Structures are given as structure tokens and as C-alpha cells.
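Below is one structure, written out as C-alpha cells; the observations come after it.
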Amino acid sequence: MYDPKSLKAEEFINHEEILETLAYADENKDNIELIDSLLEKAKKLKGLTHREASVLLACENEEKINEMYDLAEQIKKDFYGNRIVMFAPLYLSNYCVNGCVYCPYHLKNKHIARKKLTQEEIKREVIALQDMGHKRLAIELGEDPVNNPIEYVLECINTIYSIKHKNGAIRRVNVNIAATTVENYRKLKEAGIGTYILFQETYNKESYEQLHPTGPKHNYAYHTEAMDRAMEGGIDDVGLGVLFGLELYRYELAGLLMHAEHLEAVHGVGPHTISVPRIKRADDIDPDVFDNGISDDIFAKICAIIRIAVPYTGMIISTRESKAVREKVIRLGVSQISGASRTSVGGYYEEEPEDENSEQFDVSDKRTLDEVVRWLMELGYIPSFCTACYREGRTGDRFMSLCKSGQIQNCCHPNALMTLKEYLMDYASEETKAIGEALIKAEVEKIPKEKVKEICKDHLEKIEQGIRDFRF
Ligand code: SAM
């Protein structure tokens with residue numbers, strides 16, 4: 001039985017409900033009257049249900065798809081302005097006891113180099129990341145209770161926050177580790193993490209069990225109910241995601257939106273972020289083996305519909321995608337991107353020798369952070385290194401209510417400009433700096449509230465004088 005308020009995975013991600021949703025979407029994919037009414041409803045910025053969004057996804061009418069794209073772009077502007085939040089992944093350990101068939105870290109892979117960073121090595125990685133200008137990290141680990149126990153994760157978080165090198169500091173650590181217990185989530189919360197991220201991989205239980213044949217991750221319910229345990233443990237901000245290519249994308253979108261509806265229904269706060277990874281080539285993984293790969297066009301359509309259906313959520317795209325794809329989907333609703341990422345364990349400090357590959361997947365966008373920042377600004381976006389929200393208590397429902405009422409713009413926009421200024425002063429090339437300074441000047445003039453503008457100008461001057469403010 002379908003029940004968004006249930007705490008049982010098979011009731012809030014109900015297979016029959018998804019099948020009925022897909023049948024309903026098929027029946028209505030040419031129903032222009034309905035599609036128009038859904039687009040009208042979405043313009044009110046309150047989102048769409050999984051059924052409604054599934055109709056839009058099934059629609060193949062080009063004119064309507066273009067309308068969806070325009071609407072997604074507008075919604076993104078309404079909630080997030082022209083800011084793009086920057087982050088980098090940090091791989092701490094690739095030891096893993098699971099058997100995920102799409103991931104090269106699976107237990108049976110005996111030739112991938114297994115690595116786990118010591119605290120000293122983490123320091124080197126973090127300094128390398130700080131020297132690029134990063135302030136926000138997502139830490140990544142395989143699941144291995146012996147090699148990567150929660151105590152190790154906590155120690156690493158502590159080390160990362162403690163490193164202050166030149167003007168650098170990692171101000172927000174998001175965590176992407178396997179589903180765990182309420183008690184462990186509580187410990188992560190106490191360690192001061194930002195968002196807890198866990199990709200569902202696929203919402204289809206049968207496929208899920210086949211794709212995760214062995215190890216603790218095989219348990220569909222335990223994995224799917226992880227966000228409820230995280231919230232019970234006090235974590236306010238959780239990040240959802242699907243690994244596109246494993247299952248039928250229409251099934252996945254319906255499941256993903258049902259998951260968001262469930263979090264809203266039970267906890268009063270939806271996903272802080274939604275990630276949209278696609279399977280990539282990796283050590284012993286050939287993405288062509290999976291039958292459900294999606295084209296760049298379908299991928300763009302999915303991104304636009306997520307933005308329309310869950311307007312307040314942060315949408316994340318990684319360097320799995322190329323510059324061209326990233327450019328397309330940033331316009332359609334993506335609000336956070338990674339830059340200069342390494343998916344190997346220890347890859348920021350030094351390049352791995354070829355016979356020591358520990359990478360999780362091939363990166364498509366290999367540009368430096370300076371190049372990514374410059375490119376974003378040339379496209380008219382403001383790269384933001386701001387991490388203030390969770391330190392200022394703007395998490396969970398408080399963030400959501402500010403975001404939903406459009407007020408977050410009053411603090412996010414000036415903060416983005418100030419952290420961009422810090423980046424330009426401390427890390428940017430001369431060319432990037434020149435473009436950025438002109439952009440900041442123009443953007444400050446556009447800030448509507450005089451008081452906010454004055455505060456912003458004041459801070460920008462202080463940054464110019466070398467004063468760094470770790471509140472942002
Ligand atoms: N071990 C943690 C877990 O079980 O959720 C998460 C960390 S894993 C390093 C991060 C994510 O990378 C996975 O959730 C999966 O979606 C993604 N991933 C794994 N193999 C991939 C591949 N070949 N291409 C692209 N993404 C992949």
C-alpha cells in the first residue's frame with residue numbers, strides 16, 4: 001500500500017504506485033491541456049507531485065519541453081539567483097565490503113589499489129584543496145566496518161576542520177558514507193557535518209537487490225530508510241540521488257520524487273540537495289553493460305523537471321559530466337557543482353602512478369578550479385564559496401522556509417560575492433581576477449536593500465585589506 005507517511009521503504013516508495021504513475025503518464029503524455037495546467041501550477045513555485053512530474057517527463061512535444069526548460073530556468077533564478085555553489089569531493093578510503101556491480105570498489109575487485117588516508121595524508125590533501133580555493137568538501141568512503149569505522153570518519157572530519165593553511169579553511173564538510181545507525185548519524189551531527197548525502201542508486205527493489213548482490217548494502221529497506229534514521233539522529237540536511245543508467249529513468253524520477261514527498265510528509269523538510277550522477281567508465285566497470293543509459297537530452301529534461309517539481313532543492317552535478325553537459329544543465333536548474341575533482345584516494349596531493357589506480361570513476365571535466373570559476377563568470381554566474389547557512393543555524397526547515405519565501409537571496413547573494421572576492425584575492429589567476437572584480441562591482445550595485453548593500457561593500461573592503469571572515 002502506498003503511504004508517504006509510512007516509515008517502511010516499500011510503503012513510501014511503493015512499486016505499484018510507481019507502475020500506476022507511469023501508466024497514468026503514458027495515458028496523458030499528449031494531453032496538452034493537462035500539461036499546460038501542470039506548467040501553470042509549477043509557476044506558483046510550490047512544486048509538483050511525482051505523478052504530475054511523470055506526465056511532464058513522458059511528454060515528447062518539443063514546444064512543451066522548451067516551455068519546461070524556460071520555466072526551470074526561471075524557477076532556478078527565483079530561488080537561487082545566478083549563484084553556483086562550488087565544492088570538491090575528498091576520497092578518504094576505497095576499502096569496501098559491498099558487491100555493487102557498477103562500482104570498482106566492490107569487494108571482488110582484487111587489482112584496484114586499496115588505499116586509506118592517514119591523518120597526515122588527509123592534511124596534505126586538505127592543504128592541496130585549500131590552495132586551490134575550496135571551502136566545501138564532500139567526503140567519500142567505501143563501506144567497511146573494519147577499515148572505515150565511524151570513529152575513523154569522525155577523526156577525519158575533525159582533522160579536516162582543524163587545518164588552517166594561509167587564508168584557507170574547509171568550512172563545511174558534507175558526508176557521503178553508507179547507510180548507518182541513528183547513533184552514528186548523531187555522532188556525525190555532533191562532528192559538525194553539513195549535508196548527509198546518500199544515493200539511492202535505484203528505487204526499484206528488485207533491480208536494487210540484483211545490483212547489490214552481496215554485503216550490507218544489499219538490504220534495500222535499510223538503505224532506503226537511511227534518511228529517516230539520519231533525521232532521527234538530528235541531521236537536518238540530507239541529500240538524495242539516483243545513479244542514472246541502472247534502471248528505467250522514468251521509474252527513477254517517480255521514486256526520487258516520492259522519496260522527497262516522504263521526507264516532507266514525515267519530517268516537514270524535503271531534500272536539501274538532489275544529485276544526478278550517471279554511470280561512468282571505471283577500473284573494471286564498463287558503463288555500456290548497463291542497458292538503461294540515458295542521452296544528454298533526456299538527462300537535461302530530468303534536471304529541468306527536478307527543478308520544477310522540487311523548486312527549493314539544491315541540485316548537484318559533478319565532474320562525471322563534461323563541460324558541455326554541465327553548461328546545459330546549469331541553465332536548467334543545477335545550483336552546485338564540483339570543480340577540479342579527483343576521485344582517487346590521495347589524488348589531490350600527488351598524481352597516482354599508473355599501476356596504482358584507486359579511482360572511483362573517470363572524470364569528464366578535468367579543468368582546474370580557476371578555469372571552472374572563470375567559465376562560470378563568463379556565463380554570467382557567480383561562483384559561491386559560501387558555507388554560512390549551517391553555522392548560522394539556517395538548516396533543515398529554517399533553511400527551507402527562508403528559501404521557499406525567497407528571502408535567502410538577501411543573505412546568500414552578498415555572501416556569495418564576499419566569498420568570491422576572497423577566492424579572487426587569495427587564489428585566482430590575474431585573468432580570472434579581472435573578470436571577477438568587474439562582476440562583483442556590477443552585482444553589488446544591483447543589491448536592492450541599501451543596508452545590505454552597505455554591509456556587503458564594507459566586508460568587501462575588509463577582504464581587500466586582507467581581513468578574512470570565517471562566518472561566510
Ligand atoms: N559507499 C557509499 C555508499 O554506499 O553509498 C558512498 C560513496 S560512493 C564513493 C559515491 C557514489 O558514487 C555511489 O553512491 C554511486 O552512486 C557512485 N558511483 C559508484 N560507481 C560509479 C560509477 N562507475 N560511475 C559513476 N558513479 C559511480
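Residue names in the C-alpha cells use chain letters A, B, ... in the order shown, residue numbers from 1 in each chain, and ligand numbers from 1 in the order shown.
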
- Backbone DSSP call of strand (DSSP E or B) for stretch 167-253 of chain A, listed as a PyMOL selection string: chain A and resi 172-176+196-197+201+238-242+244

- Query: Residues at most 9 Å from ligand 1, using only C-alpha atoms and all ligand atoms? Could they come as a ChimeraX atom specification?
  - Reply: /A:91,93-94,96,98,100-105,139-144,175-179,197-201,217,223,241-244,277-287,320,343,360-362

- All alpha helix (DSSP H) residues (DSSP, backbone) inside stretch 96-143 of chain A, as a PyMOL selection string: chain A and resi 119-132

Using only C-alpha atoms, please write the residues we just selected to a file, as a JSON list (two decimals), in the first residue's frame.
```
[["chain", "number", "residue", "atom", "x", "y", "z"],
["A", 119, "GLN", "CA", 45.54, 11.83, 9.24],
["A", 120, "GLU", "CA", 48.86, 13.14, 7.96],
["A", 121, "GLU", "CA", 47.87, 12.31, 4.39],
["A", 122, "ILE", "CA", 44.49, 13.98, 4.91],
["A", 123, "LYS", "CA", 46.32, 17.10, 5.97],
["A", 124, "ARG", "CA", 48.24, 17.08, 2.68],
["A", 125, "GLU", "CA", 45.06, 16.58, 0.69],
["A", 126, "VAL", "CA", 43.24, 19.35, 2.53],
["A", 127, "ILE", "CA", 46.11, 21.79, 2.09],
["A", 128, "ALA", "CA", 46.13, 21.00, -1.65],
["A", 129, "LEU", "CA", 42.37, 21.65, -1.77],
["A", 130, "GLN", "CA", 42.66, 24.85, 0.27],
["A", 131, "ASP", "CA", 45.43, 26.06, -2.02],
["A", 132, "MET", "CA", 43.04, 25.73, -4.95]]
```

- Message: Using only C-alpha atoms for the distances, tell me which of A:Cys303, A:Ile308, A:Val363, A:Leu92 is nearest to A:Glu40.
- Response: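 Closest to A:Glu40, using only C-alpha atoms: A:Ile308.
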
- Task: For A:Val444, work out the shell of residues within 8 Å, counting only C-alpha atoms and skipping chain neighbours fewer than 4 positions away, then give it as an NGL selection string.
- Result: :A and (414 or 417 or 440 or 453 or 456-457)

Write to file, as a PDB file, in the first residue's frame, the residues of the selection just made, with N, CA and C atoms.
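And here's out.pdb as it stands now:
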```
ATOM      1  N   PRO A 414      24.838  38.461  -1.152  1.00  0.00           N
ATOM      2  CA  PRO A 414      26.028  39.171  -0.651  1.00  0.00           C
ATOM      3  C   PRO A 414      27.118  38.203  -0.180  1.00  0.00           C
ATOM      4  N   LEU A 417      29.071  36.926  -3.055  1.00  0.00           N
ATOM      5  CA  LEU A 417      30.008  37.938  -3.585  1.00  0.00           C
ATOM      6  C   LEU A 417      31.238  38.064  -2.694  1.00  0.00           C
ATOM      7  N   ILE A 440      31.737  41.430  -9.591  1.00  0.00           N
ATOM      8  CA  ILE A 440      31.324  41.760  -8.217  1.00  0.00           C
ATOM      9  C   ILE A 440      30.821  43.206  -8.147  1.00  0.00           C
ATOM     10  N   LYS A 453      23.441  46.334   1.017  1.00  0.00           N
ATOM     11  CA  LYS A 453      24.489  46.775   0.084  1.00  0.00           C
ATOM     12  C   LYS A 453      25.667  47.392   0.847  1.00  0.00           C
ATOM     13  N   CYS A 456      27.658  44.741   2.645  1.00  0.00           N
ATOM     14  CA  CYS A 456      28.419  43.982   1.652  1.00  0.00           C
ATOM     15  C   CYS A 456      29.666  44.785   1.230  1.00  0.00           C
ATOM     16  N   LYS A 457      29.458  46.046   0.918  1.00  0.00           N
ATOM     17  CA  LYS A 457      30.598  46.887   0.488  1.00  0.00           C
ATOM     18  C   LYS A 457      31.669  46.952   1.580  1.00  0.00           C
TER      19      LYS A 457
END
```

- Contacts of A:Tyr161 at 8 Å (only C-alpha atoms; same-chain gap of 5+ positions) as a list in words: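 That gives Ala169, Ile170, Arg171 and Val173 of chain A.
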
Selection export as an mmCIF file, in the first residue's frame, atoms kept: N, CA and C atoms:
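This went into part_23.cif:
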```cif
data_model
loop_
_atom_site.group_PDB
_atom_site.id
_atom_site.type_symbol
_atom_site.label_atom_id
_atom_site.label_comp_id
_atom_site.auth_asym_id
_atom_site.auth_seq_id
_atom_site.Cartn_x
_atom_site.Cartn_y
_atom_site.Cartn_z
ATOM 1 N N ALA A 169 40.577 27.487 4.667
ATOM 2 C CA ALA A 169 39.864 26.730 5.705
ATOM 3 C C ALA A 169 38.758 25.955 5.015
ATOM 4 N N ILE A 170 38.557 24.733 5.455
ATOM 5 C CA ILE A 170 37.393 23.994 4.977
ATOM 6 C C ILE A 170 36.288 24.302 5.971
ATOM 7 N N ARG A 171 35.251 24.938 5.471
ATOM 8 C CA ARG A 171 34.218 25.459 6.377
ATOM 9 C C ARG A 171 32.977 24.582 6.424
ATOM 10 N N VAL A 173 31.902 20.364 5.754
ATOM 11 C CA VAL A 173 32.186 19.003 5.301
ATOM 12 C C VAL A 173 30.864 18.261 5.153
#
```

- Two-atom distance - atom CA of A:Thr195, atom CA of A:Asp3 (Å): 26.0 Å

- Query: Leaving out A:Met86 and any residue of its chain fewer than 4 positions from it, which residues lie within 7 Å of it when counting only C-alpha atoms, given as a ChimeraX atom specification?
  - Reply: /A:336-339,383-385

- Please provide as number ranges by chain all residues within 10 Å of A:Leu248, with the sequence filter that same-chain residues fewer than 3 positions apart are discarded (counting only C-alpha atoms). A: 202-204, 244-245, 251-253, 291-294

- Message: Report, in Å with one decimal, the straight-line distance from atom CA of A:Met315 to atom CA of A:Asn28.
- Response: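 Result for atom CA of A:Met315 versus atom CA of A:Asn28: 27.3 Å, one decimal.
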
- Item | Shell of 6 Å around stretch 255-270 of chain A, only C-alpha atoms, local chain residues under 6 positions omitted, as a ChimeraX atom specification | /A:4-5,50,203,397

Take the residues from that selection and write them out as a CSV table (one decimal), in the first residue's frame, keeping C-alpha atoms.
```
chain,number,residue,atom,x,y,z
A,4,PRO,CA,4.1,8.7,2.0
A,5,LYS,CA,3.9,9.0,5.8
A,50,HIS,CA,5.6,12.6,-8.6
A,203,TYR,CA,14.5,2.9,-6.4
A,397,ASP,CA,13.1,23.6,7.9
```

- Note on the structure: Taken to one decimal, the atom CA of A:Glu321-atom CA of A:Ile157 distance is 27.4 Å

Give one line per residue of stretch 229-348 of chain A that approaches stretch 64-82 of chain A to at most 10 Å, naming the two atoms of the closest pair and their distance in Å to one decimal, counting only C-alpha atoms; sort by chain then ascending residue number and deliver it as a tab-separated table.
```
residue	atom	partner	partner_atom	distance
A:Ala300	CA	A:Tyr69	CA	8.7
A:Lys301	CA	A:Tyr69	CA	7.6
A:Cys303	CA	A:Ala72	CA	8.6
A:Ala304	CA	A:Ala72	CA	5.3
A:Ile305	CA	A:Ala72	CA	7.2
A:Ile306	CA	A:Ala72	CA	8.6
A:Arg307	CA	A:Ala72	CA	5.7
A:Ile308	CA	A:Ala72	CA	5.5
A:Ala309	CA	A:Ala72	CA	9.2
A:Val310	CA	A:Ile75	CA	9.9
A:Pro311	CA	A:Ile75	CA	6.5
A:Tyr312	CA	A:Phe79	CA	6.5
A:Thr313	CA	A:Phe79	CA	9.0
A:Gly314	CA	A:Tyr80	CA	8.6
A:Met315	CA	A:Lys76	CA	9.8
A:Val329	CA	A:Glu73	CA	9.5
A:Ile330	CA	A:Glu73	CA	8.8
A:Arg331	CA	A:Glu73	CA	5.9
A:Leu332	CA	A:Glu73	CA	4.9
A:Gly333	CA	A:Lys76	CA	5.1
A:Val334	CA	A:Lys76	CA	7.8
A:Ser335	CA	A:Tyr80	CA	7.2
```

Write a file of the just-selected residues containing C-alpha atoms, as a PDB file, in the first residue's frame.
```pdb
ATOM      1  CA  ALA A 300      18.692  17.681 -19.404  1.00  0.00           C
ATOM      2  CA  LYS A 301      14.956  17.020 -19.305  1.00  0.00           C
ATOM      3  CA  CYS A 303      17.293  18.065 -14.488  1.00  0.00           C
ATOM      4  CA  ALA A 304      14.680  20.608 -15.609  1.00  0.00           C
ATOM      5  CA  ILE A 305      11.816  18.526 -14.213  1.00  0.00           C
ATOM      6  CA  ILE A 306      13.535  18.030 -10.849  1.00  0.00           C
ATOM      7  CA  ARG A 307      13.932  21.821 -10.641  1.00  0.00           C
ATOM      8  CA  ILE A 308      10.234  22.308 -11.474  1.00  0.00           C
ATOM      9  CA  ALA A 309       8.989  19.573  -9.128  1.00  0.00           C
ATOM     10  CA  VAL A 310      11.242  20.350  -6.123  1.00  0.00           C
ATOM     11  CA  PRO A 311      11.934  24.071  -6.643  1.00  0.00           C
ATOM     12  CA  TYR A 312      13.687  24.706  -3.321  1.00  0.00           C
ATOM     13  CA  THR A 313      16.232  21.861  -3.506  1.00  0.00           C
ATOM     14  CA  GLY A 314      19.908  22.353  -4.265  1.00  0.00           C
ATOM     15  CA  MET A 315      20.718  20.359  -7.388  1.00  0.00           C
ATOM     16  CA  VAL A 329      22.079  21.781 -17.132  1.00  0.00           C
ATOM     17  CA  ILE A 330      23.348  24.694 -15.056  1.00  0.00           C
ATOM     18  CA  ARG A 331      20.906  26.818 -17.019  1.00  0.00           C
ATOM     19  CA  LEU A 332      18.135  24.321 -16.297  1.00  0.00           C
ATOM     20  CA  GLY A 333      18.388  24.267 -12.543  1.00  0.00           C
ATOM     21  CA  VAL A 334      21.680  22.919 -11.231  1.00  0.00           C
ATOM     22  CA  SER A 335      22.862  25.034  -8.292  1.00  0.00           C
TER      23      SER A 335
END
```
